[in-house]
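Asker: File structure.txt below, compact mmCIF, C-alpha atoms:
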```txt
# COMPACT_ATOMS: atom_id res chain seq x y z
CA MET A 105 27.72 21.04 -296.04
CA SER A 106 25.13 21.78 -298.69
CA PHE A 107 21.71 20.69 -297.49
CA LEU A 108 20.30 21.09 -301.01
CA SER A 109 22.66 18.48 -302.43
CA SER A 110 22.37 16.10 -299.47
CA SER A 111 20.06 13.09 -299.47
CA ILE A 112 16.59 13.43 -297.98
CA ALA A 113 17.63 11.11 -295.16
CA ASP A 114 20.73 13.18 -294.40
CA PHE A 115 18.78 16.44 -294.43
CA LEU A 116 16.16 15.04 -292.07
CA ALA A 117 18.89 13.79 -289.76
CA GLU A 118 20.40 17.28 -289.65
CA LEU A 119 16.98 18.84 -289.13
CA GLU A 120 16.09 16.60 -286.19
CA SER A 121 19.44 17.08 -284.44
CA SER A 122 20.10 19.48 -281.57
CA LYS A 123 21.97 21.86 -283.89
CA PRO A 124 20.17 25.16 -284.55
CA THR A 125 20.67 24.88 -288.31
CA PRO A 126 19.06 23.82 -290.50
CA GLY A 127 15.86 24.98 -288.88
CA GLY A 128 12.43 26.29 -289.71
CA GLY A 129 13.65 28.72 -292.34
CA SER A 130 15.35 25.99 -294.34
CA ALA A 131 12.29 23.76 -293.95
CA ALA A 132 10.11 26.61 -295.22
CA ALA A 133 12.31 27.06 -298.30
CA LEU A 134 12.16 23.32 -298.94
CA SER A 135 8.37 23.36 -298.65
CA GLY A 136 8.17 26.14 -301.22
CA ALA A 137 10.58 24.30 -303.51
CA LEU A 138 8.47 21.15 -303.27
CA GLY A 139 5.40 23.13 -304.26
CA ALA A 140 7.25 24.62 -307.22
CA ALA A 141 8.51 21.21 -308.33
CA LEU A 142 4.99 19.79 -308.31
CA LEU A 143 3.64 22.69 -310.35
CA HIS A 144 6.46 22.27 -312.86
CA MET A 145 5.78 18.54 -313.09
CA VAL A 146 2.10 19.12 -313.86
CA LEU A 147 2.97 21.53 -316.66
CA GLN A 148 5.47 19.07 -318.13
CA ILE A 149 2.73 16.43 -318.21
CA THR A 150 0.33 18.96 -319.73
CA LEU A 151 2.86 19.94 -322.37
CA LYS A 152 3.15 16.35 -323.55
CA LYS A 153 -0.60 16.28 -324.21
CA THR A 154 -0.87 19.70 -325.86
CA GLU A 155 -0.59 20.11 -329.64
CA ASP A 156 -1.66 23.73 -330.09
CA GLN A 157 1.53 25.77 -330.55
CA ASP A 158 0.24 28.95 -328.93
CA LYS A 159 -0.90 26.98 -325.92
CA ARG A 160 2.42 25.16 -325.75
CA ALA A 161 4.27 28.49 -325.77
CA GLU A 162 2.07 29.77 -322.94
CA ILE A 163 2.65 26.64 -320.88
CA THR A 164 6.39 26.77 -321.54
CA ARG A 165 6.63 30.40 -320.38
CA THR A 166 4.77 29.61 -317.18
CA ALA A 167 6.92 26.54 -316.56
CA GLU A 168 10.08 28.63 -316.99
CA ASN A 169 8.85 31.15 -314.42
CA ILE A 170 8.07 28.34 -312.01
CA LYS A 171 11.51 26.79 -312.57
CA GLY A 172 13.18 30.11 -311.80
CA ASN A 173 11.39 30.27 -308.45
CA LEU A 174 12.15 26.62 -307.80
CA ASP A 175 15.88 27.20 -308.27
CA GLN A 176 15.80 30.25 -306.00
CA LEU A 177 13.96 28.43 -303.21
CA GLY A 178 16.33 25.49 -303.46
CA GLY A 179 19.26 27.80 -302.89
CA LEU A 180 17.53 29.43 -299.92
CA ILE A 181 17.57 26.12 -298.02
CA ASP A 182 21.30 26.59 -297.53
CA GLU A 183 21.22 30.40 -297.39
CA ASP A 184 18.80 30.41 -294.48
CA ALA A 185 21.06 28.17 -292.42
CA SER A 186 24.08 30.33 -293.27
CA ALA A 187 22.22 33.49 -292.27
CA PHE A 188 21.38 32.17 -288.82
CA ASP A 189 24.90 30.80 -288.39
CA ALA A 190 26.07 34.41 -288.90
CA VAL A 191 23.84 35.52 -286.02
CA MET A 192 25.27 32.84 -283.76
CA SER A 193 28.82 33.83 -284.73
CA ALA A 194 28.07 37.48 -283.90
CA PHE A 195 26.97 36.53 -280.40
CA LYS A 196 30.33 34.81 -279.88
CA LEU A 197 32.33 37.95 -280.63
CA PRO A 198 34.44 39.33 -277.75
CA LYS A 199 32.98 42.00 -275.47
CA ASP A 200 35.91 42.82 -273.23
CA ASN A 201 35.79 46.59 -273.80
CA ASP A 202 33.45 49.28 -275.10
CA GLU A 203 34.81 49.12 -278.63
CA GLN A 204 34.33 45.35 -278.81
CA LYS A 205 30.86 45.63 -277.29
CA LYS A 206 29.86 48.20 -279.90
CA ALA A 207 31.22 46.07 -282.76
CA ARG A 208 29.51 42.98 -281.38
CA LYS A 209 26.19 44.77 -281.01
CA GLN A 210 26.39 46.04 -284.59
CA ALA A 211 27.32 42.59 -285.91
CA ILE A 212 24.37 41.05 -284.09
CA GLN A 213 21.98 43.60 -285.56
CA GLU A 214 23.36 43.04 -289.06
CA GLY A 215 23.08 39.31 -288.49
CA PHE A 216 19.42 39.58 -287.54
CA LYS A 217 18.75 41.71 -290.61
CA GLY A 218 20.31 39.06 -292.83
CA ALA A 219 18.37 36.36 -291.04
CA ALA A 220 15.14 38.27 -291.75
CA GLN A 221 15.93 39.02 -295.39
CA VAL A 222 16.49 35.40 -296.41
CA PRO A 223 13.03 34.15 -295.36
CA MET A 224 11.61 37.31 -296.96
CA ARG A 225 12.92 35.93 -300.24
CA THR A 226 11.37 32.56 -299.40
CA ALA A 227 8.04 34.25 -298.69
CA GLY A 228 8.34 36.20 -301.93
CA GLY A 229 9.04 33.07 -303.93
CA CYS A 230 6.05 31.29 -302.43
CA SER A 231 3.87 34.33 -303.13
CA GLU A 232 4.94 34.47 -306.79
CA LEU A 233 4.38 30.74 -307.17
CA ALA A 234 0.92 31.10 -305.67
CA LYS A 235 0.04 33.43 -308.55
CA LEU A 236 1.40 30.93 -311.07
CA SER A 237 -0.43 28.06 -309.40
CA VAL A 238 -3.76 29.55 -310.44
CA TYR A 239 -2.82 29.06 -314.09
CA VAL A 240 -1.69 25.48 -313.45
CA ALA A 241 -4.89 24.69 -311.56
CA GLU A 242 -7.00 26.06 -314.40
CA HIS A 243 -5.07 24.72 -317.40
CA GLY A 244 -3.02 21.81 -316.08
CA GLU A 245 -3.68 18.16 -316.93
CA ALA A 246 -6.86 17.09 -315.12
CA ASN A 247 -5.41 13.72 -314.09
CA ALA A 248 -2.69 15.55 -312.16
CA ILE A 249 -4.94 18.14 -310.51
CA SER A 250 -4.44 16.63 -307.04
CA ASP A 251 -0.73 17.41 -307.42
CA VAL A 252 -1.63 21.06 -307.92
CA GLY A 253 -3.61 20.98 -304.69
CA THR A 254 -0.67 19.40 -302.93
CA ALA A 255 1.59 22.12 -304.36
CA ALA A 256 -0.75 24.77 -302.97
CA GLY A 257 -0.44 23.17 -299.54
CA MET A 258 3.35 23.18 -299.79
CA LEU A 259 3.40 26.84 -300.81
CA SER A 260 1.12 27.75 -297.93
CA ALA A 261 3.37 25.89 -295.48
CA GLY A 262 6.49 27.46 -296.98
CA PHE A 263 5.07 30.95 -296.68
CA SER A 264 3.80 30.40 -293.15
CA GLY A 265 7.17 29.07 -292.01
CA ALA A 266 9.02 31.93 -293.67
CA ARG A 267 6.66 34.46 -292.10
CA LEU A 268 7.34 33.18 -288.60
CA ASN A 269 11.10 33.29 -289.19
CA ILE A 270 10.83 36.85 -290.46
CA LEU A 271 8.80 37.99 -287.47
CA ILE A 272 11.06 36.46 -284.84
CA ASN A 273 14.09 38.16 -286.39
CA LEU A 274 12.32 41.49 -286.79
CA SER A 275 11.48 41.44 -283.09
CA ALA A 276 15.22 41.64 -282.31
CA ILE A 277 16.04 44.46 -284.75
CA LYS A 278 16.26 48.04 -283.46
CA ASP A 279 16.14 49.76 -286.87
CA GLU A 280 12.50 50.87 -287.01
CA GLY A 281 12.67 51.85 -290.68
CA PHE A 282 13.97 48.41 -291.65
CA VAL A 283 11.35 46.66 -289.53
CA GLY A 284 8.55 48.82 -290.91
CA GLN A 285 9.56 48.21 -294.52
CA LEU A 286 9.79 44.44 -294.20
CA SER A 287 6.57 44.28 -292.16
CA SER A 288 4.71 46.20 -294.88
CA GLU A 289 6.10 43.99 -297.65
CA LEU A 290 5.26 40.87 -295.68
CA LYS A 291 1.64 41.97 -295.15
CA GLU A 292 1.26 42.61 -298.86
CA MET A 293 2.61 39.15 -299.69
CA GLU A 294 0.37 37.61 -297.04
CA ASP A 295 -2.70 39.12 -298.68
CA THR A 296 -1.53 38.00 -302.13
CA ILE A 297 -0.82 34.38 -301.25
CA SER A 298 -4.09 34.01 -299.38
CA LYS A 299 -6.08 35.31 -302.34
CA GLU A 300 -4.18 33.38 -305.01
CA LEU A 301 -4.14 30.04 -303.19
CA GLU A 302 -7.86 30.35 -302.58
CA LYS A 303 -8.35 30.65 -306.35
CA THR A 304 -6.07 27.67 -306.92
CA ASN A 305 -7.82 25.48 -304.40
CA ASN A 306 -11.23 26.42 -305.83
CA PHE A 307 -10.12 25.31 -309.30
CA VAL A 308 -8.69 22.08 -307.86
CA GLU A 309 -11.89 21.23 -305.98
CA ARG A 310 -14.10 21.96 -308.99
CA ARG A 311 -11.95 19.95 -311.37
CA MET A 312 -11.91 16.97 -309.00
CA GLU A 313 -15.71 16.74 -308.91
```
In structure tokens, write the structure found in this file.

Answerer:
Amino acid sequence: MSFLSSSIADFLAELESSKPTPGGGSAAALSGALGAALLHMVLQITLKKTEDQDKRAEITRTAENIKGNLDQLGGLIDEDASAFDAVMSAFKLPKDNDEQKKARKQAIQEGFKGAAQVPMRTAGGCSELAKLSVYVAEHGEANAISDVGTAAGMLSAGFSGARLNILINLSAIKDEGFVGQLSSELKEMEDTISKELEKTNNFVERRME
């Protein structure tokens, strides 16, 4: 089942069920995608009201970058569920002898790595969109500025959810080099999104006065 192509009602029904997937990682990707969609909408509205060709080109380039991140985050809704399903499948592998135990242990570790890497991409997408949101907050149509603020909230929620999913998977991984690399990248993204969304929200508040 593709959660991305399902109805909102069907996705919520799956999310609220006792099944482990979709879970927080998919919800985080959806939150980021919602933020991206709102930013893209605001630029489409802005484009309709902009006559200057240089400005239109600038808006179009930014909108294309946002759309690229939107498409990626949409795909990660399903990818996150698949990654955790792989972890669950690894735990079900046989462990009747030493060879099976070793293979199972390795599969579990690889599964956790995959389950950490997918929300890393979600966090990265939200971080990139946070940078782009500053432009939208500054140059987007004033009548739609509240939508930019809502987008910022969605990106913040998406990043926070992805971060938690990364950390819980990293805690189960024995490869210290892998854990250290992802932890460092995550901290850098955390600093970026905090700084950029603060700029965005400041523009939104000022332009709503």

Asker: When distances are computed from all atoms listed in the file, which of A:Ser122, A:Gln221, A:Thr254, A:Gln213 shows the smallest separation from Glu183 (chain A)?

Answerer: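 Under the stated criterion, the closest residue is A:Gln221.
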
Asker: Got a sec: who's within 12 Å of Asn269 (chain A), counting only C-alpha atoms, leaving out chain neighbours fewer than 4 positions off, as a PyMOL selection string?

Answerer: chain A and resi 127-133+184-185+187-188+216-227+262-265+273-276+290

Asker: Considering only C-alpha atoms, state which residue in the set A:Glu292, A:Asp189, A:Glu302, A:Asp279 is at the smallest distance from Ala234 (chain A).

Answerer: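 Counting only C-alpha atoms, the residue closest to Ala234 (chain A) is A:Glu302.
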
Asker: Skipping near chain neighbours, those fewer than 2 positions away, what residues fall within 8 Å of region 134-137 of chain A using all atoms listed in the file, listed as a list in words?

Answerer: Ser130, Ala131, Ala132, Gly139, Ala140, Ala141, Asn173, Leu174, Asp175, Leu177, Gly178, Ile181, Thr226, Gly229, Cys230, Met258, Leu259, Ser260, Ala261, Gly262 and Phe263 of chain A

Asker: Write the residues of the preceding selection, restricted to C-alpha atoms, as a PDB file, in the coordinates of the input.

Answerer:
```
ATOM      1  CA  SER A 130      15.350  25.990-294.340  1.00  0.00           C
ATOM      2  CA  ALA A 131      12.290  23.760-293.950  1.00  0.00           C
ATOM      3  CA  ALA A 132      10.110  26.610-295.220  1.00  0.00           C
ATOM      4  CA  GLY A 139       5.400  23.130-304.260  1.00  0.00           C
ATOM      5  CA  ALA A 140       7.250  24.620-307.220  1.00  0.00           C
ATOM      6  CA  ALA A 141       8.510  21.210-308.330  1.00  0.00           C
ATOM      7  CA  ASN A 173      11.390  30.270-308.450  1.00  0.00           C
ATOM      8  CA  LEU A 174      12.150  26.620-307.800  1.00  0.00           C
ATOM      9  CA  ASP A 175      15.880  27.200-308.270  1.00  0.00           C
ATOM     10  CA  LEU A 177      13.960  28.430-303.210  1.00  0.00           C
ATOM     11  CA  GLY A 178      16.330  25.490-303.460  1.00  0.00           C
ATOM     12  CA  ILE A 181      17.570  26.120-298.020  1.00  0.00           C
ATOM     13  CA  THR A 226      11.370  32.560-299.400  1.00  0.00           C
ATOM     14  CA  GLY A 229       9.040  33.070-303.930  1.00  0.00           C
ATOM     15  CA  CYS A 230       6.050  31.290-302.430  1.00  0.00           C
ATOM     16  CA  MET A 258       3.350  23.180-299.790  1.00  0.00           C
ATOM     17  CA  LEU A 259       3.400  26.840-300.810  1.00  0.00           C
ATOM     18  CA  SER A 260       1.120  27.750-297.930  1.00  0.00           C
ATOM     19  CA  ALA A 261       3.370  25.890-295.480  1.00  0.00           C
ATOM     20  CA  GLY A 262       6.490  27.460-296.980  1.00  0.00           C
ATOM     21  CA  PHE A 263       5.070  30.950-296.680  1.00  0.00           C
TER      22      PHE A 263
END
```

Asker: Report as a PyMOL selection string all protein, DNA and RNA residues lying within 12 Å of Glu162 (chain A), evaluated on all atoms listed in the file, omitting residues in the same chain fewer than 4 positions from it.

Answerer: chain A and resi 147+150-151+154+156-158+166-169+236+239-240+243-244

Asker: Record the distance separating CA of Val308 (chain A) and CA of Ala256 (chain A), expressed in Å with one decimal.

Answerer: 9.7 Å

Asker: Figure out the distance between CA of Val283 (chain A) and CA of Leu233 (chain A), please, to one decimal in Å.

Answerer: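 Separation of CA of Leu233 (chain A) and CA of Val283 (chain A): 24.8 Å.
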
Asker: Go ahead and compute the interatomic distance for CA of Leu108 (chain A) and CA of Gly172 (chain A), in Å to one decimal.

Answerer: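 Computing it gives 15.8 Å between the two atoms.
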
Asker: With only C-alpha atoms as the atoms that count, which of A:Val238, A:Ile163, A:Met312, A:Leu180 lies nearest to Ser250 (chain A)?

Answerer: A:Met312

Asker: Residues near Phe115 (chain A), anyone? I mean within 12 Å using all atoms listed in the file, not counting same-chain ones fewer than 2 positions away, as a JSON list (two decimals) with C-alpha atoms, keeping the file's coordinate frame.

Answerer:
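Output contents, as saved in result_5.json:
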```json
[["chain", "number", "residue", "atom", "x", "y", "z"],
["A", 105, "MET", "CA", 27.72, 21.04, -296.04],
["A", 106, "SER", "CA", 25.13, 21.78, -298.69],
["A", 107, "PHE", "CA", 21.71, 20.69, -297.49],
["A", 108, "LEU", "CA", 20.30, 21.09, -301.01],
["A", 109, "SER", "CA", 22.66, 18.48, -302.43],
["A", 110, "SER", "CA", 22.37, 16.10, -299.47],
["A", 111, "SER", "CA", 20.06, 13.09, -299.47],
["A", 112, "ILE", "CA", 16.59, 13.43, -297.98],
["A", 113, "ALA", "CA", 17.63, 11.11, -295.16],
["A", 117, "ALA", "CA", 18.89, 13.79, -289.76],
["A", 118, "GLU", "CA", 20.40, 17.28, -289.65],
["A", 119, "LEU", "CA", 16.98, 18.84, -289.13],
["A", 120, "GLU", "CA", 16.09, 16.60, -286.19],
["A", 121, "SER", "CA", 19.44, 17.08, -284.44],
["A", 125, "THR", "CA", 20.67, 24.88, -288.31],
["A", 126, "PRO", "CA", 19.06, 23.82, -290.50],
["A", 127, "GLY", "CA", 15.86, 24.98, -288.88],
["A", 130, "SER", "CA", 15.35, 25.99, -294.34],
["A", 131, "ALA", "CA", 12.29, 23.76, -293.95],
["A", 134, "LEU", "CA", 12.16, 23.32, -298.94],
["A", 181, "ILE", "CA", 17.57, 26.12, -298.02],
["A", 182, "ASP", "CA", 21.30, 26.59, -297.53]]
```

Asker: Mind giving me the axis-aligned box for region 188-199 of chain A with 4 Å on every side, centre plus edges in Å to one decimal, as AutoDock Vina command-line options?

Answerer:
```
--center_x 27.9 --center_y 36.4 --center_z -282.2 --size_x 21.1 --size_y 19.2 --size_z 21.4
```

Asker: I need the residue nearest Asn305 (chain A) from this list: A:Met293, A:Ile272, A:Ala248, A:Ser237. Use only C-alpha atoms for the distance.

Answerer: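 Among the listed residues, A:Ser237 lies closest to Asn305 (chain A).
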
Asker: Which is closer to Lys196 (chain A) than all the others in A:Leu116, A:Met145, A:Ala246, A:Ala211, using all atoms listed in the file?

Answerer: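 Nearest to Lys196 (chain A): A:Ala211.
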
Asker: Of the candidates A:Asn201, A:Ile270, A:Ile149, A:Glu242, which shows the shortest atom-to-atom distance to Glu309 (chain A), using only C-alpha atoms?

Answerer: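 Using only C-alpha atoms, the shortest distance to Glu309 (chain A) belongs to A:Glu242.
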
Asker: Mind checking which residues fall within 12 Å of Lys209 (chain A), counting all atoms listed in the file, ignoring those fewer than 5 positions away in the same chain, and posting them as a PyMOL selection string?

Answerer: chain A and resi 191+193-199+202-204+214-216+276-278
